[in-house]
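Chemist: My structure is in structure11.tsv, and what it holds is TSV, C-alpha atoms:
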```
chain	number	residue	atom	x	y	z
A	1	GLU	CA	0.00	0.00	0.00
A	2	ILE	CA	1.35	3.41	-1.00
A	3	THR	CA	-0.16	6.62	0.30
A	4	LYS	CA	0.83	9.92	-1.31
A	5	PRO	CA	-1.24	12.64	0.36
A	6	LYS	CA	0.29	15.42	-1.76
A	7	GLN	CA	-0.03	13.63	-5.11
A	8	PRO	CA	-1.89	15.99	-7.48
A	9	CYS	CA	-5.24	14.49	-8.44
A	10	PHE	CA	-8.76	15.73	-9.11
A	11	GLY	CA	-12.26	14.52	-9.85
A	12	ALA	CA	-15.19	16.70	-10.86
A	13	THR	CA	-18.70	16.23	-12.21
A	14	THR	CA	-21.36	18.49	-13.70
A	15	THR	CA	-24.39	19.46	-11.65
A	16	SER	CA	-26.72	20.80	-14.32
A	17	THR	CA	-27.58	20.24	-17.96
A	18	ALA	CA	-26.10	22.43	-20.69
A	19	SER	CA	-28.78	22.56	-23.39
A	20	ASN	CA	-28.31	22.86	-27.15
A	21	VAL	CA	-24.53	23.34	-26.98
A	22	THR	CA	-23.34	21.57	-30.13
A	23	GLY	CA	-24.58	19.80	-33.24
A	24	ASP	CA	-23.64	22.39	-35.83
A	25	GLY	CA	-19.92	21.58	-35.87
A	26	SER	CA	-19.05	23.90	-33.01
A	27	ALA	CA	-16.84	22.61	-30.22
A	28	TYR	CA	-18.19	22.83	-26.67
A	29	THR	CA	-15.97	22.88	-23.59
A	30	ILE	CA	-17.56	20.67	-20.95
A	31	ILE	CA	-17.27	22.28	-17.51
A	32	PRO	CA	-17.52	19.77	-14.67
A	33	ASN	CA	-18.30	22.37	-12.02
A	34	SER	CA	-18.55	20.31	-8.84
A	35	GLU	CA	-15.27	19.04	-7.40
A	36	ILE	CA	-15.42	15.63	-5.74
A	37	TRP	CA	-11.75	15.88	-4.73
A	38	ASP	CA	-8.89	18.16	-5.71
A	39	LEU	CA	-5.62	17.44	-3.93
A	40	GLY	CA	-3.38	20.39	-4.67
A	41	ALA	CA	-6.17	22.75	-5.80
A	42	ASP	CA	-5.11	22.39	-9.45
A	43	TYR	CA	-8.59	22.03	-10.97
A	44	ASN	CA	-10.72	25.10	-11.73
A	45	SER	CA	-14.42	24.24	-11.43
A	46	GLY	CA	-15.37	27.57	-13.01
A	47	THR	CA	-13.57	26.90	-16.29
A	48	GLY	CA	-13.26	23.09	-16.30
A	49	TYR	CA	-9.49	23.38	-16.71
A	50	PHE	CA	-6.89	21.26	-14.92
A	51	ILE	CA	-3.56	23.09	-14.60
A	52	ALA	CA	-0.57	20.77	-14.12
A	53	PRO	CA	1.32	21.87	-11.01
A	54	THR	CA	4.53	20.13	-12.07
A	55	THR	CA	6.09	18.49	-15.11
A	56	GLY	CA	5.26	14.81	-15.45
A	57	ARG	CA	3.03	12.16	-16.95
A	58	TYR	CA	-0.64	12.42	-16.06
A	59	TYR	CA	-3.51	9.99	-16.45
A	60	LEU	CA	-6.67	11.87	-17.53
A	61	MET	CA	-10.18	10.51	-18.11
A	62	GLY	CA	-13.45	12.13	-19.10
A	63	HIS	CA	-16.92	10.96	-20.02
A	64	TYR	CA	-20.27	12.50	-20.74
A	65	TYR	CA	-23.97	11.75	-21.00
A	66	SER	CA	-25.92	13.50	-23.72
A	67	SER	CA	-29.10	13.54	-25.74
A	68	GLY	CA	-30.67	15.53	-28.55
A	69	PHE	CA	-28.97	13.81	-31.48
A	70	ALA	CA	-31.21	14.80	-34.38
A	71	SER	CA	-31.27	12.54	-37.44
A	72	SER	CA	-29.21	15.12	-39.31
A	73	ILE	CA	-26.22	14.76	-36.95
A	74	GLU	CA	-23.40	13.18	-38.96
A	75	GLY	CA	-20.81	12.67	-36.26
A	76	ALA	CA	-19.49	13.42	-32.80
A	77	ARG	CA	-16.21	13.30	-30.96
A	78	LEU	CA	-15.02	13.63	-27.38
A	79	ARG	CA	-11.52	14.91	-26.67
A	80	ILE	CA	-9.26	15.89	-23.83
A	81	ILE	CA	-7.46	18.97	-25.10
A	82	CYS	CA	-4.00	19.44	-23.56
A	83	SER	CA	-1.37	22.10	-24.12
A	84	ASN	CA	0.92	19.65	-25.98
A	85	ARG	CA	-1.63	17.42	-27.74
A	86	PHE	CA	-5.17	16.06	-27.57
A	87	ILE	CA	-6.59	12.62	-26.88
A	88	GLU	CA	-9.61	11.55	-28.90
A	89	GLY	CA	-11.37	8.66	-27.27
A	90	TRP	CA	-14.87	8.49	-28.69
A	91	ARG	CA	-16.40	9.33	-32.01
A	92	PHE	CA	-19.23	8.18	-34.17
A	93	ASN	CA	-20.26	8.67	-37.75
A	94	HIS	CA	-23.88	8.65	-38.85
A	95	THR	CA	-25.25	8.40	-42.34
A	96	ALA	CA	-27.98	11.05	-42.27
A	97	GLY	CA	-31.47	9.72	-42.82
A	98	THR	CA	-30.52	6.06	-42.50
A	99	GLY	CA	-30.55	5.66	-38.73
A	100	LYS	CA	-27.20	3.83	-39.00
A	101	PHE	CA	-24.32	4.78	-36.72
A	102	THR	CA	-20.69	3.71	-36.76
A	103	ILE	CA	-19.41	3.99	-33.20
A	104	VAL	CA	-15.75	3.85	-32.24
A	105	GLY	CA	-15.17	3.40	-28.50
A	106	SER	CA	-17.52	4.47	-25.75
A	107	PRO	CA	-18.58	8.00	-24.66
A	108	CYS	CA	-15.35	8.12	-22.69
A	109	VAL	CA	-11.82	9.32	-23.34
A	110	ASP	CA	-8.70	8.51	-21.37
A	111	GLY	CA	-4.97	8.36	-21.72
A	112	ILE	CA	-1.56	9.25	-20.37
A	113	VAL	CA	-0.15	12.60	-21.45
A	114	ASP	CA	3.06	14.46	-20.81
A	115	MET	CA	2.45	17.85	-19.26
A	116	ASP	CA	4.79	20.63	-18.20
A	117	GLY	CA	4.11	22.66	-15.08
A	118	GLY	CA	1.43	25.21	-16.01
A	119	ASP	CA	0.03	23.21	-18.96
A	120	THR	CA	-3.76	22.87	-19.14
A	121	ALA	CA	-6.20	20.09	-19.95
A	122	TYR	CA	-9.98	20.19	-20.48
A	123	LEU	CA	-12.86	18.19	-22.00
A	124	GLN	CA	-14.35	19.10	-25.37
A	125	VAL	CA	-17.23	17.61	-27.35
A	126	MET	CA	-18.19	18.42	-30.93
A	127	CYS	CA	-21.14	17.17	-32.96
A	128	SER	CA	-21.65	18.11	-36.59
A	129	GLY	CA	-24.14	17.91	-39.42
A	130	GLY	CA	-27.16	19.61	-37.92
A	131	SER	CA	-28.06	22.40	-35.57
A	132	LYS	CA	-27.36	22.95	-31.88
A	133	THR	CA	-29.68	20.30	-30.45
A	134	VAL	CA	-27.24	18.24	-28.35
A	135	ASP	CA	-27.47	18.53	-24.55
A	136	ILE	CA	-24.75	17.59	-22.05
A	137	TYR	CA	-26.32	16.29	-18.85
A	138	GLY	CA	-25.29	16.86	-15.28
A	139	ALA	CA	-25.28	14.25	-12.53
A	140	ASN	CA	-28.42	12.24	-11.97
A	141	ASP	CA	-29.28	8.81	-10.59
A	142	ASN	CA	-27.93	6.81	-13.52
A	143	PHE	CA	-25.48	8.90	-15.54
A	144	ASN	CA	-23.04	11.73	-15.10
A	145	THR	CA	-20.51	13.81	-16.92
A	146	ALA	CA	-17.08	13.86	-15.27
A	147	PHE	CA	-13.39	14.68	-15.63
A	148	VAL	CA	-10.68	13.08	-13.46
A	149	GLY	CA	-6.90	12.97	-13.42
A	150	THR	CA	-3.77	12.20	-11.44
A	151	LEU	CA	-0.02	12.60	-11.67
A	152	LEU	CA	1.60	9.23	-12.41
A	153	SER	CA	5.28	10.11	-12.46
```
When written as structure tokens, how does the structure in this file appear?

Modeler:
Amino acid sequence: EITKPKQPCFGATTTSTASNVTGDGSAYTIIPNSEIWDLGADYNSGTGYFIAPTTGRYYLMGHYYSSGFASSIEGARLRIICSNRFIEGWRFNHTAGTGKFTIVGSPCVDGIVDMDGGDTAYLQVMCSGGSKTVDIYGANDNFNTAFVGTLLS
């Protein structure tokens, strides 16, 4: 058993639904605004940004729950955007009017990224092919939208 009480780590979830935020090709920054834990105070619940306190390798994970995918929506993607790169963990393609989806992964993104002290990371979703009809849900009994991370080394 290893206990590291000063190890930077955070976990946050959303508390309310953001309605009609994407669907027209615009990117939406998901803002998990309720901190579950934040050792080191490196997560900003007002912006949804994690700011790396020190240079190292970080494990980051995000997921979301959404609805409002009109039949015209052609695709979606979920990313963690970091200062040095991004991680794309979930996307789907839809052939408009057919009801057929090609899904790659689950509505989750995770990975290990190198970050320098002061670098940022945040969640972003983008849906395209229609109008802004996609909602990102907050916490409820069955689903939630969240962003978590920790320094590995």

Chemist: To one decimal place in Å, what is the distance between CA of Asn84 in chain A and CA of Met61 in chain A?

Modeler: 16.4 Å

Chemist: I'd like the box whose edges run along x, y and z of the file and which contains every listed atom of range 2-11 of chain A, padded by 3 Å per side; could you state its centre and edge lengths in Å, one decimal, as JSON?

Modeler:
```
{"center_x": -5.5, "center_y": 9.7, "center_z": -4.7, "size_x": 19.6, "size_y": 18.6, "size_z": 16.2}
```

Chemist: Quick check, in Å to one decimal: how far apart do CA of Asn44 in chain A and CA of Cys127 in chain A lie?

Modeler: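 For CA of Asn44 in chain A relative to CA of Cys127 in chain A, the distance reads 24.9 Å.
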
Chemist: Go through A:Gly130, A:Tyr65, A:Trp37, A:Ser45 one by one, measure the shortest atom-to-atom distance of each to Ala18 in chain A using only C-alpha atoms, and give the residue with the smallest value.

Modeler: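 The closest residue to Ala18 in chain A is A:Tyr65.
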
Chemist: Counting only C-alpha atoms, which of A:Pro8, A:Gln124, A:Ser83, A:Thr22 gets nearest to Phe147 in chain A?

Modeler: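 Ranking A:Pro8, A:Gln124, A:Ser83, A:Thr22 by distance to Phe147 in chain A, first place goes to A:Gln124.
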
Chemist: Would you pick out the contacts of His63 in chain A at 10 Å or less, using all atoms listed in the file, so that residues sharing its chain but fewer than 2 positions from it are not included, and give the list as a list of chain:residue names?

Modeler: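 The filter keeps A:Thr13, A:Ile30, A:Met61, A:Tyr65, A:Leu78, A:Arg79, A:Ile80, A:Gly89, A:Trp90, A:Ser106, A:Pro107, A:Cys108, A:Val109, A:Asp110, A:Leu123, A:Val125, A:Phe143, A:Asn144, A:Thr145, A:Ala146, A:Phe147, A:Val148.
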
Chemist: Go ahead and save the picked residues with C-alpha atoms, as a short mmCIF file (atom, residue, chain, number, x, y, z; two decimals), in the frame of the given file.

Modeler:
```
data_model
loop_
_atom_site.label_atom_id
_atom_site.label_comp_id
_atom_site.auth_asym_id
_atom_site.auth_seq_id
_atom_site.Cartn_x
_atom_site.Cartn_y
_atom_site.Cartn_z
CA THR A 13 -18.70 16.23 -12.21
CA ILE A 30 -17.56 20.67 -20.95
CA MET A 61 -10.18 10.51 -18.11
CA TYR A 65 -23.97 11.75 -21.00
CA LEU A 78 -15.02 13.63 -27.38
CA ARG A 79 -11.52 14.91 -26.67
CA ILE A 80 -9.26 15.89 -23.83
CA GLY A 89 -11.37 8.66 -27.27
CA TRP A 90 -14.87 8.49 -28.69
CA SER A 106 -17.52 4.47 -25.75
CA PRO A 107 -18.58 8.00 -24.66
CA CYS A 108 -15.35 8.12 -22.69
CA VAL A 109 -11.82 9.32 -23.34
CA ASP A 110 -8.70 8.51 -21.37
CA LEU A 123 -12.86 18.19 -22.00
CA VAL A 125 -17.23 17.61 -27.35
CA PHE A 143 -25.48 8.90 -15.54
CA ASN A 144 -23.04 11.73 -15.10
CA THR A 145 -20.51 13.81 -16.92
CA ALA A 146 -17.08 13.86 -15.27
CA PHE A 147 -13.39 14.68 -15.63
CA VAL A 148 -10.68 13.08 -13.46
#
```

Chemist: Considering all atoms listed in the file, return as number ranges by chain whatever protein or nucleic-acid residues lie within 12 Å of Lys6 in chain A, sequence-local ones (same chain, fewer than 4 positions apart) excluded.

Modeler: A: 10, 38-42, 53, 150-151

Chemist: Would you mind listing what lies within 10 Å of Thr54 in chain A as an NGL selection string, with all atoms listed in the file counted and same-chain residues fewer than 5 positions away left out?

Modeler: :A and (8 or 115-119 or 151)

Chemist: Using only C-alpha atoms, which residues sit within 8 Å of Ser66 in chain A once same-chain residues fewer than 2 positions away are excluded, as a list in words?

Modeler: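 Here the qualifying residues turn out to be Tyr64, Gly68, Val134, Asp135, Ile136 and Tyr137 of chain A.
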
Chemist: Which neighbours of Asp114 in chain A fall inside 8 Å, counting all atoms listed in the file, when residues of the same chain fewer than 2 positions from it are skipped, and could you give them as a ChimeraX atom specification?

Modeler: /A:55-58,84,112,116

Chemist: For a test of reading the model, state the distance in Å between CA of Ser72 in chain A and CA of Met126 in chain A, rounded to one decimal.

Modeler: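 Between CA of Ser72 in chain A and CA of Met126 in chain A the gap works out to 14.2 Å.
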
Chemist: When you count all atoms listed in the file, which of these residues is closest to Gly111 in chain A: A:Thr3, A:Ser128, A:Gly138, A:Ile81?

Modeler: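 Among the listed residues, the smallest separation from Gly111 in chain A belongs to A:Ile81.
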
Chemist: Could you tell me which of A:Tyr122, A:Phe50, A:Tyr59, A:Phe86 comes closest to Ser153 in chain A if we count all atoms listed in the file?

Modeler: A:Tyr59
